[in-house]
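Coordinates as given in run-v5.tsv (TSV, C-alpha atoms):
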```
chain	number	residue	atom	x	y	z
B	1	MET	CA	120.38	122.90	112.21
B	2	ARG	CA	119.74	120.82	115.33
B	3	ALA	CA	121.45	123.46	117.44
B	4	VAL	CA	119.23	126.16	115.95
B	5	VAL	CA	116.10	124.08	116.58
B	6	ALA	CA	117.23	123.29	120.14
B	7	ARG	CA	117.91	126.99	120.77
B	8	ALA	CA	114.51	127.90	119.32
B	9	ASP	CA	112.81	125.30	121.55
B	10	ASP	CA	114.18	127.00	124.60
B	11	SER	CA	113.28	130.52	123.52
B	12	ASP	CA	110.34	132.34	125.06
B	13	GLU	CA	109.32	133.64	121.66
B	14	PHE	CA	109.03	130.12	120.24
B	15	ARG	CA	106.99	128.94	123.22
B	16	LYS	CA	104.58	131.85	122.76
B	17	GLN	CA	104.30	131.04	119.08
B	18	GLN	CA	103.58	127.37	119.83
B	19	ASN	CA	100.87	128.28	122.36
B	20	PHE	CA	99.38	130.73	119.87
B	21	ASP	CA	99.27	128.15	117.10
B	22	ARG	CA	97.84	125.49	119.40
B	23	ALA	CA	95.06	127.83	120.55
B	24	VAL	CA	94.18	128.86	116.99
B	25	ALA	CA	94.15	125.23	115.83
B	26	GLU	CA	91.74	124.37	118.66
B	27	ILE	CA	89.40	127.18	117.65
B	28	VAL	CA	89.66	126.23	113.97
B	29	HIS	CA	88.41	122.77	114.86
B	30	LEU	CA	85.39	124.37	116.47
B	31	ILE	CA	84.40	126.14	113.26
B	32	PRO	CA	80.92	124.78	112.58
B	33	ILE	CA	80.61	122.43	109.62
B	34	PRO	CA	77.25	122.48	107.80
B	35	PRO	CA	75.28	119.33	108.69
B	36	GLU	CA	74.97	118.40	105.00
B	37	THR	CA	78.76	118.33	104.80
B	38	ALA	CA	79.28	116.76	108.21
B	39	GLU	CA	77.28	113.70	107.27
B	40	TRP	CA	79.91	112.92	104.65
B	41	PHE	CA	82.46	112.52	107.42
B	42	SER	CA	80.65	109.78	109.29
B	43	GLU	CA	82.51	106.69	110.42
B	44	LYS	CA	81.38	104.85	107.33
B	45	ASP	CA	83.67	104.59	104.34
B	46	LEU	CA	82.95	107.23	101.73
B	47	ASN	CA	83.64	104.91	98.87
B	48	VAL	CA	83.12	101.24	99.45
B	49	GLY	CA	84.74	99.38	96.60
B	50	SER	CA	82.60	96.88	94.78
B	51	LYS	CA	82.99	93.39	96.14
B	52	TRP	CA	85.61	91.28	94.48
B	53	THR	CA	84.28	88.01	93.10
B	54	TRP	CA	85.73	85.23	90.99
B	55	ARG	CA	82.88	85.59	88.51
B	56	LYS	CA	83.48	89.32	88.12
B	57	MET	CA	87.19	88.73	87.69
B	58	ALA	CA	86.57	86.02	85.10
B	59	ARG	CA	84.46	88.45	83.07
B	60	ASN	CA	87.24	91.00	82.94
B	61	PRO	CA	88.30	91.14	79.26
B	62	ALA	CA	92.00	91.24	80.15
B	63	VAL	CA	91.71	88.22	82.45
B	64	LEU	CA	89.60	86.44	79.85
B	65	ALA	CA	92.14	87.10	77.08
B	66	ILE	CA	95.06	85.99	79.26
B	67	SER	CA	93.16	82.84	80.32
B	68	ILE	CA	92.41	81.89	76.71
B	69	ALA	CA	96.04	82.51	75.74
B	70	VAL	CA	97.27	80.37	78.64
B	71	VAL	CA	94.85	77.55	77.72
B	72	VAL	CA	95.99	77.65	74.07
B	73	ILE	CA	99.68	77.68	75.05
B	74	ALA	CA	99.07	74.82	77.51
B	75	GLY	CA	97.20	72.86	74.82
B	76	VAL	CA	100.00	73.31	72.29
B	77	SER	CA	102.59	72.36	74.93
B	78	VAL	CA	100.65	69.21	75.91
B	79	PHE	CA	100.24	68.31	72.23
B	80	GLN	CA	103.97	68.75	71.64
B	81	VAL	CA	104.88	66.74	74.73
B	82	LEU	CA	102.53	63.92	73.66
B	83	SER	CA	104.00	64.01	70.15
B	84	ARG	CA	107.49	63.83	71.55
B	85	LEU	CA	106.54	60.85	73.71
B	86	ASN	CA	106.06	58.80	70.51
B	87	ASP	CA	109.20	60.16	68.88
B	88	PHE	CA	112.12	57.88	68.06
B	89	PRO	CA	115.34	58.36	66.05
B	90	GLY	CA	114.26	58.89	62.46
B	91	SER	CA	110.61	59.70	63.24
B	92	ALA	CA	110.92	63.15	61.61
B	93	THR	CA	112.20	61.58	58.36
B	94	ALA	CA	109.49	58.93	58.55
B	95	ARG	CA	106.80	61.61	58.76
B	96	LYS	CA	108.27	63.45	55.77
B	97	LEU	CA	108.23	60.20	53.83
B	98	LEU	CA	104.55	59.70	54.67
B	99	THR	CA	103.96	63.01	52.90
B	100	VAL	CA	105.99	61.72	49.97
B	101	ALA	CA	103.90	58.53	49.98
B	102	ALA	CA	100.69	60.56	49.87
B	103	SER	CA	101.87	62.49	46.81
B	104	THR	CA	103.48	59.61	44.89
B	105	ARG	CA	101.76	58.22	41.78
B	106	PRO	CA	102.60	54.75	40.35
B	107	VAL	CA	103.92	56.30	37.11
B	108	MET	CA	106.67	58.01	39.10
B	109	LEU	CA	108.24	54.61	39.90
B	110	ASP	CA	110.12	52.20	37.67
B	111	PRO	CA	107.78	49.30	36.99
B	112	VAL	CA	109.08	46.19	38.75
B	113	SER	CA	106.98	43.13	39.31
B	114	THR	CA	108.70	40.83	41.75
B	115	GLU	CA	108.71	39.89	45.42
B	116	ALA	CA	109.67	42.82	47.64
B	117	GLY	CA	112.31	40.77	49.46
B	118	THR	CA	114.34	40.36	46.30
B	119	LEU	CA	114.80	44.07	45.71
B	120	SER	CA	117.67	44.23	48.23
B	121	ASP	CA	119.99	42.86	45.54
B	122	LEU	CA	118.75	45.44	43.04
B	123	PHE	CA	119.40	48.28	45.46
B	124	PHE	CA	122.88	46.96	46.19
B	125	MET	CA	123.84	46.09	42.63
B	126	LYS	CA	122.34	49.08	40.83
B	127	HIS	CA	122.57	51.80	43.47
B	128	GLY	CA	125.27	50.56	45.85
B	129	LEU	CA	122.89	50.67	48.80
B	130	GLU	CA	123.94	48.21	51.50
B	131	HIS	CA	121.52	46.66	53.98
B	132	TYR	CA	118.49	48.11	52.17
B	133	ASP	CA	116.67	44.91	53.04
B	134	VAL	CA	112.92	44.51	53.16
B	135	PRO	CA	111.97	42.72	56.41
B	136	ALA	CA	110.50	39.25	56.22
B	137	GLU	CA	107.05	40.58	57.20
B	138	PHE	CA	106.79	42.32	53.81
B	139	GLY	CA	109.31	40.29	51.76
B	140	ASP	CA	106.73	38.05	50.04
B	141	PHE	CA	104.43	40.76	48.70
B	142	ARG	CA	104.41	41.49	44.98
B	143	THR	CA	105.71	44.85	43.90
B	144	ILE	CA	104.36	47.27	41.27
B	145	GLY	CA	107.37	49.49	41.06
B	146	CYS	CA	110.33	50.98	42.88
B	147	ARG	CA	112.73	53.91	42.72
B	148	VAL	CA	115.69	55.42	44.56
B	149	PHE	CA	115.74	59.18	45.17
B	150	GLU	CA	117.52	61.71	47.34
B	151	ASP	CA	115.75	63.77	49.93
B	152	GLU	CA	116.56	67.42	50.71
B	153	GLU	CA	119.42	66.27	52.94
B	154	SER	CA	120.90	64.20	50.09
B	155	ARG	CA	120.09	60.94	51.82
B	156	ARG	CA	119.32	58.14	49.38
B	157	ILE	CA	115.89	56.69	49.89
B	158	ALA	CA	114.46	53.56	48.32
B	159	GLN	CA	110.72	53.49	47.68
B	160	ILE	CA	108.76	50.34	46.76
B	161	TRP	CA	105.10	50.16	45.80
B	162	LEU	CA	103.29	46.94	46.66
B	163	ALA	CA	100.22	45.55	44.98
B	164	GLU	CA	98.93	44.63	48.44
B	165	LYS	CA	96.56	47.43	49.57
B	166	ARG	CA	98.76	49.98	47.76
B	167	ILE	CA	101.25	49.78	50.60
B	168	GLN	CA	104.45	51.71	50.06
B	169	LEU	CA	107.76	50.65	51.57
B	170	PHE	CA	110.62	53.04	52.30
B	171	LEU	CA	114.23	52.31	53.18
B	172	PHE	CA	116.37	55.17	54.41
B	173	PRO	CA	119.55	55.67	56.47
B	174	ALA	CA	118.98	55.52	60.23
B	175	GLU	CA	119.64	58.64	62.28
B	176	ARG	CA	123.13	58.89	63.69
B	177	ASN	CA	124.69	60.61	66.67
B	178	PRO	CA	126.17	63.81	65.16
B	179	LYS	CA	129.22	63.63	67.49
B	180	THR	CA	130.12	59.95	67.42
B	181	GLY	CA	128.47	58.90	64.16
B	182	ALA	CA	126.96	55.89	65.92
B	183	VAL	CA	123.55	54.69	64.70
B	184	LEU	CA	120.72	55.71	67.03
B	185	TRP	CA	119.13	52.35	67.53
B	186	PHE	CA	115.59	51.67	68.67
B	187	PRO	CA	113.91	48.31	69.28
B	188	GLY	CA	110.95	46.73	67.43
B	189	TRP	CA	108.37	48.58	65.41
B	190	ARG	CA	107.31	52.17	65.95
B	191	TYR	CA	104.36	53.92	64.41
B	192	VAL	CA	104.08	57.39	62.90
B	193	HIS	CA	101.05	59.24	61.55
B	194	GLN	CA	100.74	62.05	59.08
B	195	GLU	CA	97.75	63.40	57.19
B	196	GLY	CA	95.69	60.18	57.23
B	197	TRP	CA	98.66	57.97	56.56
B	198	ALA	CA	100.23	55.54	59.02
B	199	GLY	CA	103.73	54.15	58.98
B	200	ALA	CA	105.38	51.25	60.83
B	201	VAL	CA	109.10	51.81	61.23
B	202	THR	CA	111.90	49.51	62.30
B	203	GLU	CA	115.68	49.79	62.16
B	204	ARG	CA	118.17	47.11	61.11
B	205	SER	CA	121.90	47.43	60.37
B	206	GLY	CA	121.80	51.22	60.24
B	207	VAL	CA	118.90	51.35	57.79
B	208	CYS	CA	115.33	52.22	58.69
B	209	PHE	CA	112.45	50.45	57.03
B	210	MET	CA	108.96	51.92	56.90
B	211	ALA	CA	105.77	50.36	55.61
B	212	ALA	CA	103.21	53.06	54.88
B	213	LEU	CA	99.55	52.97	53.93
B	214	ARG	CA	96.57	55.28	53.94
B	215	GLY	CA	94.75	54.25	57.09
B	216	SER	CA	95.47	53.61	60.71
B	217	GLU	CA	97.98	51.85	62.86
B	218	LYS	CA	95.61	48.87	63.12
B	219	ASP	CA	95.76	48.30	59.36
B	220	LEU	CA	99.54	48.02	59.54
B	221	ALA	CA	99.60	45.97	62.72
B	222	LEU	CA	97.99	43.11	60.80
B	223	TYR	CA	101.20	42.70	58.76
B	224	ILE	CA	103.62	42.88	61.64
B	225	SER	CA	104.05	39.61	63.42
B	226	ASN	CA	103.59	39.54	67.13
B	227	THR	CA	106.97	37.95	67.60
B	228	THR	CA	108.67	41.13	66.45
B	229	GLY	CA	106.40	43.27	68.69
B	230	GLN	CA	107.26	46.73	69.92
S	1	MET	CA	88.94	129.32	102.67
S	2	LEU	CA	85.59	130.96	101.85
S	3	GLY	CA	84.22	132.28	105.12
S	4	ASP	CA	80.72	131.39	103.96
S	5	SER	CA	79.25	128.00	104.87
S	6	ALA	CA	76.81	128.01	101.92
S	7	LYS	CA	79.59	128.58	99.41
S	8	ALA	CA	81.81	126.09	101.21
S	9	GLN	CA	78.99	123.56	101.01
S	10	GLU	CA	78.60	124.17	97.29
S	11	VAL	CA	82.34	123.83	96.61
S	12	PHE	CA	82.50	120.72	98.76
S	13	GLN	CA	79.67	119.03	96.92
S	14	THR	CA	80.97	120.05	93.49
S	15	THR	CA	84.41	118.69	94.36
S	16	LEU	CA	83.01	115.37	95.56
S	17	ARG	CA	80.64	115.07	92.60
S	18	GLU	CA	83.54	115.65	90.21
S	19	ALA	CA	85.69	113.16	92.11
S	20	ALA	CA	82.91	110.55	91.96
S	21	LEU	CA	82.61	111.06	88.20
S	22	ARG	CA	86.34	110.68	87.73
S	23	ALA	CA	86.33	107.58	89.93
S	24	ALA	CA	83.52	106.08	87.84
S	25	GLN	CA	85.59	106.69	84.70
S	26	GLY	CA	88.69	105.28	86.37
S	27	GLU	CA	90.50	108.59	86.01
S	28	LEU	CA	91.41	109.28	89.63
S	29	PRO	CA	94.86	110.90	89.85
S	30	ARG	CA	97.58	108.94	91.59
S	31	GLU	CA	99.11	112.01	93.25
S	32	PRO	CA	98.40	112.46	96.96
S	33	PHE	CA	96.03	115.22	98.15
S	34	TRP	CA	94.64	115.82	94.69
S	35	LEU	CA	91.16	116.18	96.22
S	36	PHE	CA	92.37	118.96	98.55
S	37	ARG	CA	94.19	120.67	95.67
S	38	ASP	CA	91.03	120.48	93.58
S	39	ALA	CA	88.92	121.88	96.41
S	40	ARG	CA	91.41	124.71	96.92
S	41	TRP	CA	91.25	125.78	93.29
S	42	ARG	CA	87.46	125.68	93.35
S	43	CYS	CA	87.51	127.91	96.44
S	44	LEU	CA	89.84	130.37	94.73
S	45	GLU	CA	87.63	130.39	91.62
S	46	THR	CA	84.54	131.03	93.75
S	47	VAL	CA	86.26	133.91	95.57
S	48	LYS	CA	87.30	135.45	92.25
S	49	GLU	CA	83.65	135.91	91.32
S	50	ASP	CA	82.91	137.80	94.58
S	51	LEU	CA	83.57	141.41	95.40
S	52	GLN	CA	87.25	141.72	96.14
S	53	PRO	CA	88.27	143.31	99.45
S	54	GLU	CA	90.31	146.46	99.25
S	55	ALA	CA	94.00	145.71	99.68
S	56	LEU	CA	94.92	147.07	103.09
S	57	LYS	CA	98.10	146.99	105.08
S	58	LEU	CA	97.01	145.26	108.26
S	59	ASP	CA	98.53	146.07	111.63
S	60	GLU	CA	100.98	143.55	112.94
S	61	HIS	CA	101.67	143.02	116.65
S	62	ASP	CA	104.10	140.66	118.30
S	63	VAL	CA	102.49	137.50	119.66
S	64	ALA	CA	101.37	138.31	123.20
S	65	PRO	CA	101.98	135.98	126.16
S	66	HIS	CA	98.25	135.93	126.89
S	67	ALA	CA	97.30	135.33	123.20
S	68	ALA	CA	95.95	131.85	124.00
S	69	SER	CA	93.34	133.25	126.38
S	70	GLN	CA	92.41	135.92	123.82
S	71	ILE	CA	91.92	133.24	121.18
S	72	GLU	CA	89.78	131.13	123.51
S	73	LYS	CA	87.27	133.97	123.72
S	74	LEU	CA	87.06	134.17	119.97
S	75	ASP	CA	83.98	133.02	118.08
S	76	PRO	CA	85.19	130.23	115.72
S	77	ALA	CA	83.05	131.59	112.87
S	78	GLN	CA	84.72	134.99	113.26
S	79	LEU	CA	88.14	133.36	112.99
S	80	ALA	CA	86.98	131.53	109.84
S	81	VAL	CA	85.88	134.85	108.32
S	82	TRP	CA	89.18	136.48	109.34
S	83	ILE	CA	91.25	133.71	107.69
S	84	SER	CA	89.09	133.75	104.56
S	85	GLY	CA	89.69	137.52	104.28
S	86	ALA	CA	93.44	137.01	103.90
S	87	PRO	CA	94.81	137.24	100.36
S	88	ASP	CA	95.82	133.97	98.76
S	89	PRO	CA	98.23	132.19	99.06
S	90	GLN	CA	98.45	133.38	102.68
S	91	ARG	CA	94.83	132.30	103.14
S	92	THR	CA	95.63	128.78	101.94
S	93	ALA	CA	98.73	128.63	104.11
S	94	LEU	CA	96.83	129.70	107.25
S	95	ALA	CA	93.83	127.47	106.54
S	96	LEU	CA	95.94	124.39	105.95
S	97	PHE	CA	98.34	125.13	108.80
S	98	TYR	CA	95.65	125.66	111.42
S	99	LEU	CA	93.59	122.72	110.25
S	100	ASP	CA	96.47	120.87	111.92
S	101	GLU	CA	96.15	117.89	109.57
S	102	PHE	CA	99.07	118.47	107.23
S	103	ASP	CA	102.80	118.62	107.81
S	104	TYR	CA	104.92	121.42	106.36
S	105	GLN	CA	105.91	119.44	103.29
S	106	GLU	CA	102.28	118.68	102.49
S	107	ILE	CA	101.26	122.31	102.91
S	108	LEU	CA	104.11	123.42	100.62
S	109	ASP	CA	102.91	120.92	98.05
S	110	LEU	CA	99.24	121.81	98.32
S	111	ALA	CA	99.67	125.58	98.42
S	112	GLU	CA	102.48	125.50	95.84
S	113	LEU	CA	104.73	127.57	98.08
S	114	LYS	CA	108.38	127.61	98.98
S	115	LEU	CA	109.44	127.06	102.57
S	116	ASN	CA	110.50	130.69	103.16
S	117	GLU	CA	107.20	131.92	101.68
S	118	LEU	CA	105.17	129.65	103.94
S	119	SER	CA	107.23	130.73	106.93
S	120	ARG	CA	106.70	134.42	106.07
S	121	PHE	CA	102.94	134.02	105.52
S	122	LEU	CA	102.50	132.19	108.83
S	123	ALA	CA	104.60	134.67	110.76
S	124	GLN	CA	102.72	137.61	109.21
S	125	GLY	CA	99.41	135.85	109.85
S	126	ARG	CA	100.21	135.39	113.53
S	127	GLN	CA	101.16	139.06	113.95
S	128	GLN	CA	98.12	140.29	112.04
S	129	LEU	CA	95.83	137.98	114.01
S	130	GLN	CA	97.41	139.22	117.23
S	131	ALA	CA	96.79	142.83	116.15
S	132	TRP	CA	93.17	141.95	115.34
S	133	LEU	CA	92.78	140.21	118.72
S	134	ASN	CA	94.23	143.23	120.45
S	135	ALA	CA	91.80	145.44	118.59
S	136	LYS	CA	88.84	143.21	119.47
S	137	GLN	CA	89.82	142.75	123.09
S	138	PRO	CA	91.60	145.98	123.95
S	139	GLN	CA	91.60	145.56	127.76
S	140	GLN	CA	93.42	142.28	127.67
S	141	GLY	CA	95.66	143.51	124.88
S	142	LYS	CA	97.00	146.21	127.15
S	143	VAL	CA	97.72	143.88	130.09
```

How does the structure come out when it is put into structure tokens?
Amino acid sequence: MRAVVARADDSDEFRKQQNFDRAVAEIVHLIPIPPETAEWFSEKDLNVGSKWTWRKMARNPAVLAISIAVVVIAGVSVFQVLSRLNDFPGSATARKLLTVAASTRPVMLDPVSTEAGTLSDLFFMKHGLEHYDVPAEFGDFRTIGCRVFEDEESRRIAQIWLAEKRIQLFLFPAERNPKTGAVLWFPGWRYVHQEGWAGAVTERSGVCFMAALRGSEKDLALYISNTTGQ
Amino acid sequence: MLGDSAKAQEVFQTTLREAALRAAQGELPREPFWLFRDARWRCLETVKEDLQPEALKLDEHDVAPHAASQIEKLDPAQLAVWISGAPDPQRTALALFYLDEFDYQEILDLAELKLNELSRFLAQGRQQLQAWLNAKQPQQGKV
């Protein structure tokens, strides 16, 4: 192909043809263009795009929709991160038990009128539950009733209803490391909230204790001595 | 393509108006040279409505060594009329080729021709133009 082109370049015929074409092209460019048409070919741009602005971009429905979606996703993510910040081993169970507390009626419990601290023996003797001890902070309050039930994961949970401000106490097995079986320990008292209920949770000897009441963290904090602090 | 500045003006303005409308509706094609292709079809449509020239077998002469000087003496408007008188697609091929703004591939694309067809139309066009030049300028043609 290159050889053919090179041979053609050298040929007289090809040179004549090139000169012919060049001359015609020059004349073609001299063909008069009507002035009405010529003015379209000025140096100015034929179609100047509308100026790009942040405001215009923000009003674009697609950009608006994406922005709203991003804000919602960011909000949910921040909410989840903040929720996780307050998480501790057993917090998920504690929240479920707050729901249980909200739906429990006194008639659902066995009537027991005694001091909450003495129920540890009952739980051990009657139900074989070890270390289901009510902490000293709540041990002196009078009880209305108590019961032991199993949750959906077949964990045995002790529930006590106090006369004091209709506080409910829960004792349930602490969360364990699924690989080693070791109790996931956490220090002091931790708070959980669910549907207008607040719970103060602590862990002792592999059992979690939660005091729950309808109200806020402040209402519970009154019962928890400062010496045990978070 | 039309050999008539008034018609060319009309086609030009119609093409641009249509392009502006499509741009406003965000329907501009992505393919290159669509505006030229559109203009070409409008030209062909316009020509269809005119009286059609009688199909004649034009004389064909070999390109002369002094062709460039013959062409220089030519009135550009006459050349435009001569090109516009050629049957399409030769007319499109000549118009696009001598506009000197498109490469071969672009002309093939715009005129919807194959390479051998384009080559034949251009070669024929040169020889027919040379014959016409010789007829217009007989003294020089005989030199």

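Here CA of Ile144 in chain B is placed at a distance of 21.0 Å from CA of Leu222 in chain B.
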
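Take the candidates S:Ala68, S:Met1, S:Ala86, S:Leu21 and check each one against Gln130 in chain S using only C-alpha atoms; the shortest distance goes to S:Ala68.
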
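Around the coordinate (84.5, 132.8, 105.0), residues that reach within 8 Å when counting only C-alpha atoms are Met1, Leu2, Gly3, Asp4, Ser5, Ala80, Val81, Trp82, Ile83, Ser84 and Gly85 of chain S.
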
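Proximity to Leu96 in chain S at 10 Å, evaluated using only C-alpha atoms and with sequence-adjacent residues fewer than 6 positions away removed, yields S:Met1, S:Phe36, S:Gln90, S:Phe102, S:Asp103, S:Tyr104, S:Glu106, S:Ile107, S:Leu108, S:Leu110, S:Ala111.
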
Any chance you could tabulate, as CSV, the residues of chain B at most 9 Å from chain S with each one's nearest atom pair and distance in Å to one decimal, using all atoms listed in the file, in chain and rising number order?
```
residue,atom,partner,partner_atom,distance
B:Glu13,CA,S:Val63,CA,8.1
B:Lys16,CA,S:Pro65,CA,5.9
B:Gln17,CA,S:Val63,CA,6.7
B:Asn19,CA,S:Ala68,CA,6.3
B:Phe20,CA,S:Ala68,CA,5.5
B:Asp21,CA,S:Tyr98,CA,7.2
B:Arg22,CA,S:Ala68,CA,8.1
B:Ala23,CA,S:Ala68,CA,5.4
B:Val24,CA,S:Ile71,CA,6.5
B:Ala25,CA,S:Tyr98,CA,4.7
B:Glu26,CA,S:Tyr98,CA,8.3
B:Ile27,CA,S:Pro76,CA,5.5
B:Val28,CA,S:Pro76,CA,6.2
B:His29,CA,S:Leu99,CA,6.9
B:Leu30,CA,S:Pro76,CA,5.9
B:Ile31,CA,S:Pro76,CA,4.8
B:Pro32,CA,S:Ala77,CA,7.1
B:Ile33,CA,S:Ser5,CA,7.4
B:Pro34,CA,S:Ser5,CA,6.6
B:Glu36,CA,S:Gln9,CA,7.7
B:Thr37,CA,S:Gln9,CA,6.5
B:Asn47,CA,S:Ala20,CA,8.9
```

Next on the checklist: I want to know what sits within 12 Å of Gly128 in chain B, based on only C-alpha atoms, with residues of the same chain fewer than 3 positions away left out; could you give that as a PyMOL selection string?
Outcome noted: chain B and resi 120-125+131-132+148+156-158

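Coordinates place CA of Val183 in chain B at a distance of 9.1 Å from CA of Pro89 in chain B.
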
Checklist outcome for this item: Computed gap from CA of Trp189 in chain B to CA of Asp140 in chain B is 18.7 Å

Please define a box with edges along x, y and z of the file around all atoms of range 10-16 of chain S given in the file, extend it by 5 Å on each side, and return its centre and edge lengths in Å to one decimal, as AutoDock Vina command-line options.
```
--center_x 81.5 --center_y 119.8 --center_z 96.1 --size_x 15.8 --size_y 18.8 --size_z 15.3
```

Item to check | Shell of 8 Å around Phe121 in chain S, only C-alpha atoms, local chain residues under 3 positions omitted, as a ChimeraX atom specification | outcome: /S:90,93-94,117-118,124-125
